[in-house]
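Enquirer: For reference, this is upload-v6.txt, and it has compact mmCIF, C-alpha atoms and all ligand atoms.
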# COMPACT_ATOMS: atom_id res chain seq x y z
CA MET A 1 1.98 -21.16 -15.87
CA ILE A 2 1.32 -19.66 -12.46
CA VAL A 3 -1.23 -16.82 -12.44
CA VAL A 4 -0.81 -14.18 -9.76
CA GLY A 5 -3.56 -11.68 -8.97
CA LEU A 6 -2.29 -8.30 -7.73
CA THR A 7 -5.02 -6.33 -6.05
CA GLY A 8 -5.78 -3.54 -3.61
CA GLY A 9 -8.20 -0.67 -3.15
CA ILE A 10 -8.10 2.52 -5.15
CA GLY A 11 -4.84 4.43 -4.62
CA SER A 12 -3.18 1.60 -2.65
CA GLY A 13 -0.36 1.50 -5.20
CA LYS A 14 -1.18 -1.50 -7.40
CA THR A 15 0.28 0.04 -10.54
CA THR A 16 3.37 1.22 -8.67
CA VAL A 17 3.95 -2.29 -7.27
CA ALA A 18 3.19 -3.86 -10.67
CA GLY A 19 5.91 -1.65 -12.16
CA MET A 20 8.40 -3.06 -9.63
CA PHE A 21 7.56 -6.62 -10.72
CA GLU A 22 7.92 -5.54 -14.35
CA ASP A 23 11.39 -4.22 -13.50
CA LEU A 24 12.20 -7.81 -12.46
CA GLY A 25 11.03 -9.09 -15.87
CA VAL A 26 7.57 -10.30 -14.86
CA PRO A 27 4.79 -9.86 -17.47
CA VAL A 28 1.94 -7.71 -16.09
CA TYR A 29 -1.60 -7.29 -17.44
CA ASN A 30 -3.18 -4.02 -16.23
CA SER A 31 -6.94 -4.67 -16.08
CA ASP A 32 -8.00 -1.01 -15.63
CA LYS A 33 -6.04 -0.01 -18.72
CA GLU A 34 -7.12 -2.94 -20.86
CA ALA A 35 -10.75 -2.51 -19.76
CA LYS A 36 -10.64 1.05 -21.11
CA ASN A 37 -9.03 -0.18 -24.35
CA LEU A 38 -11.82 -2.74 -24.80
CA MET A 39 -14.48 -0.14 -23.96
CA ARG A 40 -13.07 1.98 -26.79
CA SER A 41 -12.26 -0.67 -29.34
CA SER A 42 -14.70 -3.60 -29.00
CA PRO A 43 -17.88 -2.82 -30.98
CA ALA A 44 -19.95 -5.24 -28.84
CA VAL A 45 -18.76 -3.72 -25.55
CA LYS A 46 -19.23 -0.18 -26.86
CA GLU A 47 -22.74 -0.86 -28.09
CA ALA A 48 -23.77 -2.38 -24.76
CA ILE A 49 -22.37 0.63 -22.86
CA VAL A 50 -24.20 3.13 -25.06
CA ARG A 51 -27.40 1.13 -24.55
CA LEU A 52 -26.86 1.29 -20.77
CA LEU A 53 -25.60 4.86 -20.30
CA GLY A 54 -26.53 6.70 -23.48
CA ASP A 55 -24.42 8.55 -26.06
CA GLY A 56 -22.88 10.69 -23.29
CA ALA A 57 -20.60 7.75 -22.42
CA TYR A 58 -18.39 8.62 -25.41
CA ALA A 59 -16.96 11.81 -26.84
CA GLY A 60 -16.24 10.75 -30.41
CA ASP A 61 -13.97 7.70 -30.11
CA GLN A 62 -12.94 8.53 -26.57
CA LEU A 63 -14.51 7.34 -23.33
CA ASN A 64 -16.16 10.10 -21.33
CA ARG A 65 -14.59 8.83 -18.10
CA ALA A 66 -15.91 11.54 -15.79
CA TYR A 67 -19.48 11.01 -17.04
CA ILE A 68 -19.29 7.22 -16.70
CA ALA A 69 -17.70 7.43 -13.23
CA GLU A 70 -20.31 9.91 -12.01
CA ARG A 71 -23.14 7.63 -13.20
CA ILE A 72 -21.88 4.19 -12.12
CA PHE A 73 -20.21 4.92 -8.78
CA ASN A 74 -23.40 6.49 -7.45
CA ASP A 75 -25.80 3.78 -8.63
CA GLU A 76 -25.24 0.14 -7.62
CA GLY A 77 -27.57 -1.17 -10.30
CA LEU A 78 -25.72 0.59 -13.12
CA LEU A 79 -22.38 -0.46 -11.63
CA ALA A 80 -23.44 -4.12 -11.61
CA GLN A 81 -24.60 -3.82 -15.21
CA ILE A 82 -21.43 -2.20 -16.53
CA ASN A 83 -19.37 -4.75 -14.60
CA ALA A 84 -21.36 -7.52 -16.30
CA ILE A 85 -20.47 -6.02 -19.69
CA VAL A 86 -16.80 -5.20 -19.09
CA HIS A 87 -15.47 -7.93 -16.76
CA PRO A 88 -16.15 -10.97 -18.99
CA ALA A 89 -14.51 -9.13 -21.90
CA VAL A 90 -11.44 -8.37 -19.76
CA ARG A 91 -11.28 -11.99 -18.59
CA ALA A 92 -11.28 -13.30 -22.17
CA ASP A 93 -8.67 -10.74 -23.21
CA PHE A 94 -6.46 -11.64 -20.22
CA LEU A 95 -6.57 -15.36 -21.07
CA ASP A 96 -5.62 -14.58 -24.65
CA TRP A 97 -2.72 -12.37 -23.46
CA LYS A 98 -1.56 -15.02 -20.97
CA GLN A 99 -1.19 -17.62 -23.72
CA ARG A 100 1.30 -15.37 -25.45
CA GLN A 101 3.58 -14.92 -22.39
CA LYS A 102 6.72 -16.92 -21.63
CA ALA A 103 7.64 -16.64 -17.96
CA PRO A 104 7.44 -18.73 -14.75
CA TYR A 105 4.53 -16.57 -13.64
CA VAL A 106 2.39 -13.68 -14.87
CA ILE A 107 0.54 -11.00 -12.91
CA GLN A 108 -2.98 -9.71 -13.49
CA GLU A 109 -3.32 -6.33 -11.79
CA THR A 110 -6.95 -5.75 -10.93
CA ALA A 111 -8.83 -3.82 -8.25
CA LEU A 112 -11.70 -6.23 -8.00
CA ILE A 113 -10.70 -9.85 -7.29
CA PHE A 114 -12.63 -10.20 -4.04
CA GLU A 115 -15.56 -8.01 -5.08
CA ASN A 116 -16.01 -10.27 -8.11
CA LYS A 117 -15.53 -13.46 -6.04
CA ALA A 118 -12.80 -14.32 -8.52
CA GLN A 119 -10.25 -15.70 -6.01
CA ASP A 120 -10.34 -19.16 -7.57
CA LEU A 121 -9.02 -17.83 -10.87
CA TYR A 122 -5.60 -17.18 -9.26
CA ASP A 123 -2.89 -19.48 -7.91
CA VAL A 124 -1.52 -16.70 -5.71
CA ILE A 125 -3.04 -13.39 -4.56
CA ILE A 126 -0.95 -10.36 -3.55
CA LEU A 127 -2.77 -7.55 -1.74
CA VAL A 128 -1.41 -3.99 -1.67
CA THR A 129 -2.58 -1.86 1.26
CA ALA A 130 -2.30 1.68 2.62
CA PRO A 131 -4.52 3.61 5.05
CA GLU A 132 -7.65 5.07 3.49
CA ASN A 133 -6.69 8.72 4.09
CA VAL A 134 -3.33 8.15 2.37
CA ARG A 135 -5.08 6.51 -0.60
CA VAL A 136 -7.55 9.38 -0.97
CA ARG A 137 -4.71 11.91 -0.88
CA ARG A 138 -2.67 9.97 -3.46
CA VAL A 139 -5.51 9.74 -5.97
CA MET A 140 -6.44 13.41 -5.55
CA SER A 141 -2.88 14.49 -6.25
CA ARG A 142 -2.47 12.04 -9.16
CA ASP A 143 -5.77 12.79 -10.93
CA ALA A 144 -6.50 16.49 -11.45
CA GLY A 145 -10.16 17.34 -10.92
CA VAL A 146 -10.96 14.27 -8.79
CA SER A 147 -12.52 15.23 -5.45
CA GLU A 148 -12.40 13.48 -2.09
CA ALA A 149 -16.07 12.54 -2.60
CA ASP A 150 -15.24 10.95 -5.98
CA VAL A 151 -12.57 8.72 -4.44
CA LYS A 152 -14.80 7.83 -1.50
CA ALA A 153 -17.64 6.84 -3.87
CA ARG A 154 -15.30 4.23 -5.39
CA ILE A 155 -14.12 3.04 -1.97
CA GLU A 156 -17.79 2.51 -1.01
CA ASN A 157 -18.03 0.06 -3.90
CA GLN A 158 -15.02 -1.97 -2.76
CA LEU A 159 -14.52 -4.39 0.13
CA GLY A 160 -12.38 -3.44 3.12
CA ASP A 161 -8.78 -4.63 3.51
CA ASP A 162 -9.48 -6.87 6.52
CA GLU A 163 -11.73 -9.12 4.47
CA LYS A 164 -9.19 -9.20 1.65
CA LYS A 165 -6.20 -9.93 3.90
CA ALA A 166 -7.75 -13.16 5.15
CA THR A 167 -7.54 -14.80 1.72
CA SER A 168 -4.41 -13.19 0.29
CA HIS A 169 -1.12 -15.09 0.14
CA PHE A 170 1.05 -11.98 0.43
CA VAL A 171 0.29 -8.50 1.76
CA ILE A 172 2.40 -5.49 0.81
CA GLU A 173 1.92 -2.45 3.01
CA ASN A 174 2.88 0.28 0.58
CA LEU A 175 4.10 3.33 2.50
CA ASP A 176 7.84 3.75 2.06
CA LEU A 177 8.69 3.04 -1.59
CA GLU A 178 12.08 1.46 -0.94
CA ARG A 179 10.59 -0.92 1.62
CA THR A 180 7.90 -1.79 -0.89
CA ARG A 181 10.54 -2.55 -3.52
CA ALA A 182 12.43 -4.78 -1.08
CA ARG A 183 9.21 -6.67 -0.27
CA VAL A 184 8.51 -7.12 -3.99
CA GLY A 185 11.99 -8.62 -4.37
CA GLN A 186 11.34 -11.08 -1.51
CA ILE A 187 7.97 -12.15 -2.91
CA HIS A 188 9.49 -12.59 -6.38
CA GLU A 189 12.17 -14.92 -4.95
CA GLN A 190 9.54 -16.94 -3.10
CA LEU A 191 7.37 -17.29 -6.18
CA LEU A 192 10.33 -18.47 -8.25
CA LEU A 193 11.31 -21.00 -5.56
CA LYS A 194 7.78 -22.35 -5.33
CA HIS A 195 7.13 -22.30 -9.05
CA PRO A 196 10.48 -22.43 -10.88
C1 LIG B 201 -15.55 4.77 -14.85
C2 LIG B 201 -14.19 4.63 -15.52
C3 LIG B 201 -14.27 4.96 -17.02
C4 LIG B 201 -13.22 5.63 -14.82
O1 LIG B 201 -11.93 5.56 -15.39
P1 LIG B 201 -10.65 6.09 -14.53
O2 LIG B 201 -9.52 6.25 -15.52
O3 LIG B 201 -11.05 7.27 -13.72
O4 LIG B 201 -10.33 4.94 -13.51
P2 LIG B 201 -9.70 3.46 -13.72
O5 LIG B 201 -10.53 2.66 -14.67
O6 LIG B 201 -8.24 3.54 -14.03
O7 LIG B 201 -9.93 2.81 -12.29
C5 LIG B 201 -9.23 3.33 -11.16
C6 LIG B 201 -9.74 2.66 -9.92
O8 LIG B 201 -11.16 2.92 -9.74
C7 LIG B 201 -11.74 1.80 -9.10
N1 LIG B 201 -12.76 1.15 -9.97
C8 LIG B 201 -12.83 1.10 -11.34
N2 LIG B 201 -13.86 0.37 -11.77
C9 LIG B 201 -14.47 -0.07 -10.64
C10 LIG B 201 -15.62 -0.88 -10.40
N3 LIG B 201 -16.29 -1.40 -11.43
N4 LIG B 201 -15.97 -1.13 -9.10
C11 LIG B 201 -15.28 -0.60 -8.05
N5 LIG B 201 -14.18 0.17 -8.22
C12 LIG B 201 -13.79 0.43 -9.48
C13 LIG B 201 -10.58 0.82 -8.87
O9 LIG B 201 -9.98 1.05 -7.64
C14 LIG B 201 -9.63 1.14 -9.97
O10 LIG B 201 -8.32 0.69 -9.76
C15 LIG B 201 -13.63 3.18 -15.35
O11 LIG B 201 -13.20 2.95 -14.02
C16 LIG B 201 -14.65 2.12 -15.72
O12 LIG B 201 -15.09 2.06 -16.84
N6 LIG B 201 -15.03 1.26 -14.73
C17 LIG B 201 -16.06 0.25 -14.96
C18 LIG B 201 -15.48 -0.98 -15.63
C19 LIG B 201 -14.45 -1.65 -14.75
O13 LIG B 201 -14.82 -2.35 -13.82
N7 LIG B 201 -13.15 -1.40 -15.06
C20 LIG B 201 -12.02 -1.80 -14.25
C21 LIG B 201 -11.85 -3.19 -13.85
S1 LIG B 201 -11.69 -4.42 -15.08
N1 LIG B 202 4.65 4.34 -1.39
C1 LIG B 202 4.25 5.45 -2.02
N2 LIG B 202 4.63 6.65 -1.58
C2 LIG B 202 4.21 7.79 -2.20
N3 LIG B 202 3.42 7.83 -3.29
C3 LIG B 202 3.01 6.64 -3.78
C4 LIG B 202 3.40 5.40 -3.18
N4 LIG B 202 2.82 4.40 -3.89
C5 LIG B 202 2.12 4.97 -4.88
N5 LIG B 202 2.23 6.33 -4.83
C6 LIG B 202 1.58 7.31 -5.73
O1 LIG B 202 0.20 7.28 -5.42
C7 LIG B 202 -0.59 7.32 -6.60
C8 LIG B 202 -1.46 6.07 -6.67
O2 LIG B 202 -0.62 4.94 -6.93
P1 LIG B 202 -1.02 3.87 -8.04
O3 LIG B 202 -1.48 4.56 -9.26
O4 LIG B 202 0.12 2.90 -8.15
O5 LIG B 202 -2.23 3.17 -7.26
P2 LIG B 202 -3.35 2.18 -7.81
O6 LIG B 202 -3.71 1.29 -6.67
O7 LIG B 202 -2.88 1.53 -9.06
O8 LIG B 202 -4.49 3.23 -8.10
P3 LIG B 202 -5.93 3.04 -8.86
O9 LIG B 202 -6.71 2.13 -8.01
O10 LIG B 202 -6.49 4.41 -8.91
O11 LIG B 202 -5.62 2.48 -10.21
C9 LIG B 202 0.38 7.46 -7.76
O12 LIG B 202 0.49 8.82 -8.11
C10 LIG B 202 1.69 6.91 -7.19
O13 LIG B 202 2.81 7.49 -7.82
For this file, write the structure as structure tokens.
Expert:
Amino acid sequence: MIVVGLTGGIGSGKTTVAGMFEDLGVPVYNSDKEAKNLMRSSPAVKEAIVRLLGDGAYAGDQLNRAYIAERIFNDEGLLAQINAIVHPAVRADFLDWKQRQKAPYVIQETALIFENKAQDLYDVIILVTAPENVRVRRVMSRDAGVSEADVKARIENQLGDDEKKATSHFVIENLDLERTRARVGQIHEQLLLKHP
């Protein structure tokens, strides 16, 4: 089965584009969402996070997202350590999920393919882009209480689009939603032709 990586910086529109592929019947694994599920439900992951960040990382059973974000996105060392806890767990969970899918291709939506040097894990990479100011505005209006500085702290921990474009098979510039949907349709056709 063909494995497609769908990536892009924060607020580029990965989840929006992933939803358009889902509308065409393509199975999609949302890494951000599943990472948070694992951080809540896997005892080994949870224990390692509490050891790294302290009890403040959880409020009862729930992740204290604002606390974790504030700590890790302003400290490269902590970020690398939480990545080393969460990313292998997500990878294993994705492979398990993939085995259960029946489709010509599946999509893993994830912000961090290039940052993790994980290009070789995918047959095809689709990059979603939008100008940085647009992305900051989108995230601030989507997530109440998130400041411009919060979004920029995450952008600082991600590579720029130029580097990512060089090794992506398809680029979707996500500005006008209907154009984006049309581009998704074209890419879907091409993927089915190449990998029926
Ligand atoms: C700090 C947390 C709890 C904040 O949760 P929140 O709901 O605000 O954000 P969410 O997880 O949906 O991520 C939104 C976006 O933030 C950026 N982001 C998230 N994690 C990272 C990271 N490790 N490095 C760089 N950018 C990141 C990405 O652009 C991502 O798409 C969460 O992002 C987290 O635990 N991150 C560390 C683990 C991780 O890498 N998860 C995601 C990838 S598998
Ligand atoms: N083309 C567009 N025009 C207007 N708004 C958009 C467009 N694409 C996405 N959005 C909106 O921008 C916000 C961010 O989009 P989305 O959540 O899909 O991005 P993302 O890349 O998955 O974000 P994150 O990295 O934070 O997970 C959402 O509220 C979404 O509805």
Enquirer: Produce the centre coordinates and the three edge lengths, each in Å to one decimal, of the box along x, y and z that contains all listed atoms of ligand LIG 202 (chain B) with 3 Å added on each side, as AutoDock Vina command-line options.
Expert:
--center_x -1.0 --center_y 5.1 --center_z -5.8 --size_x 17.4 --size_y 13.5 --size_z 14.8
Enquirer: Calculate how many Å separate atom CA of Ala66 of chain A from atom C4 of ligand LIG 202 (chain B), rounding to one decimal.
Expert: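 Distance between the two atoms: 23.9 Å.
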Enquirer: Could you produce a table of the residues of chain A lying within 6 Å of ligand LIG 201 (chain B), with the nearest pair of atoms per residue and their separation in Å rounded to one decimal, using all atoms listed in the file, ordered by chain and increasing residue number, as a tab-separated table?
Expert:
residue	atom	partner	partner_atom	distance
A:Gly9	CA	B:LIG201	O9	5.1
A:Ile10	CA	B:LIG201	O9	3.4
A:Ser31	CA	B:LIG201	S1	4.9
A:Asp32	CA	B:LIG201	C20	4.3
A:Ala35	CA	B:LIG201	S1	5.1
A:Arg65	CA	B:LIG201	C3	4.0
A:Ile68	CA	B:LIG201	C1	4.8
A:Ala69	CA	B:LIG201	C1	3.8
A:Asn83	CA	B:LIG201	O13	5.2
A:Val86	CA	B:LIG201	C18	5.6
A:His87	CA	B:LIG201	S1	5.4
A:Ala111	CA	B:LIG201	O10	4.8
A:Arg154	CA	B:LIG201	N5	5.1
A:Asn157	CA	B:LIG201	C11	5.0
A:Gln158	CA	B:LIG201	C11	5.5
Enquirer: Please compute the atom CA of Gln101 of chain A-atom CA of Glu22 of chain A distance, one decimal, in Å.
Expert: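 Separation between atom CA of Gln101 of chain A and atom CA of Glu22 of chain A: 13.1 Å.
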Enquirer: Which one is closest to Leu52 of chain A: A:Gly185, A:Glu34, A:Arg71, A:Val139? Count all atoms listed in the file.
Expert: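 Looking at the shortest contact to Leu52 of chain A, the residue is A:Arg71.
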Enquirer: For Gly60 of chain A, which of A:Glu163, A:Thr180, A:Asn174, A:Lys46 is the closest residue, counting all atoms listed in the file?
Expert: A:Lys46
Enquirer: Give me, as CSV, the closest atom pair and its distance (Å, one decimal) for every residue of chain A within a cut-off of 9 Å of ligand LIG 202 (chain B), counting only C-alpha atoms and all ligand atoms, rows sorted by chain and rising number.
Expert:
residue,atom,partner,partner_atom,distance
A:Thr7,CA,B:LIG202,O6,7.8
A:Gly8,CA,B:LIG202,O6,6.1
A:Gly9,CA,B:LIG202,O9,5.8
A:Ile10,CA,B:LIG202,O9,3.2
A:Gly11,CA,B:LIG202,O8,3.7
A:Ser12,CA,B:LIG202,O6,4.1
A:Gly13,CA,B:LIG202,O5,3.2
A:Lys14,CA,B:LIG202,O6,3.8
A:Thr15,CA,B:LIG202,O4,3.7
A:Thr16,CA,B:LIG202,O4,3.7
A:Val17,CA,B:LIG202,O4,6.5
A:Ala18,CA,B:LIG202,O4,7.8
A:Gly19,CA,B:LIG202,O4,8.4
A:Asp32,CA,B:LIG202,O11,6.9
A:Lys33,CA,B:LIG202,O11,8.9
A:Glu109,CA,B:LIG202,O7,8.3
A:Thr110,CA,B:LIG202,O11,8.4
A:Ala111,CA,B:LIG202,O9,6.3
A:Val128,CA,B:LIG202,O6,7.6
A:Thr129,CA,B:LIG202,O6,8.6
A:Ala130,CA,B:LIG202,N1,8.5
A:Val134,CA,B:LIG202,O1,8.6
A:Arg135,CA,B:LIG202,C8,7.1
A:Val136,CA,B:LIG202,C8,9.0
A:Arg137,CA,B:LIG202,O1,8.1
A:Arg138,CA,B:LIG202,O1,4.4
A:Val139,CA,B:LIG202,C8,5.5
A:Met140,CA,B:LIG202,C7,8.5
A:Ser141,CA,B:LIG202,O12,6.9
A:Arg142,CA,B:LIG202,O12,4.5
A:Asp143,CA,B:LIG202,O12,7.9
A:Val151,CA,B:LIG202,O10,8.7
A:Glu173,CA,B:LIG202,N1,8.5
A:Asn174,CA,B:LIG202,N1,4.8
A:Leu175,CA,B:LIG202,N1,4.1
A:Asp176,CA,B:LIG202,N1,4.7
A:Leu177,CA,B:LIG202,N1,4.2
A:Glu178,CA,B:LIG202,N1,8.0
A:Arg179,CA,B:LIG202,N1,8.5
A:Thr180,CA,B:LIG202,N1,7.0
Enquirer: Excluding Val184 of chain A and any residue of its chain fewer than 6 positions from it, enumerate the residues within 9 Å of it, using only C-alpha atoms, and give them as JSON, numbers by chain.
Expert: {"A": [17, 20, 21, 172]}
Enquirer: Figure out the distance between atom CA of Glu115 of chain A and atom CA of Lys152 of chain A, please, to one decimal in Å.
Expert: 16.3 Å
Enquirer: Could you check which of A:Gln99, A:Ser42, A:Asn116, A:Lys165 is closest to Ala80 of chain A, using all atoms listed in the file?
Expert: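 Among the listed residues, A:Asn116 lies closest to Ala80 of chain A.
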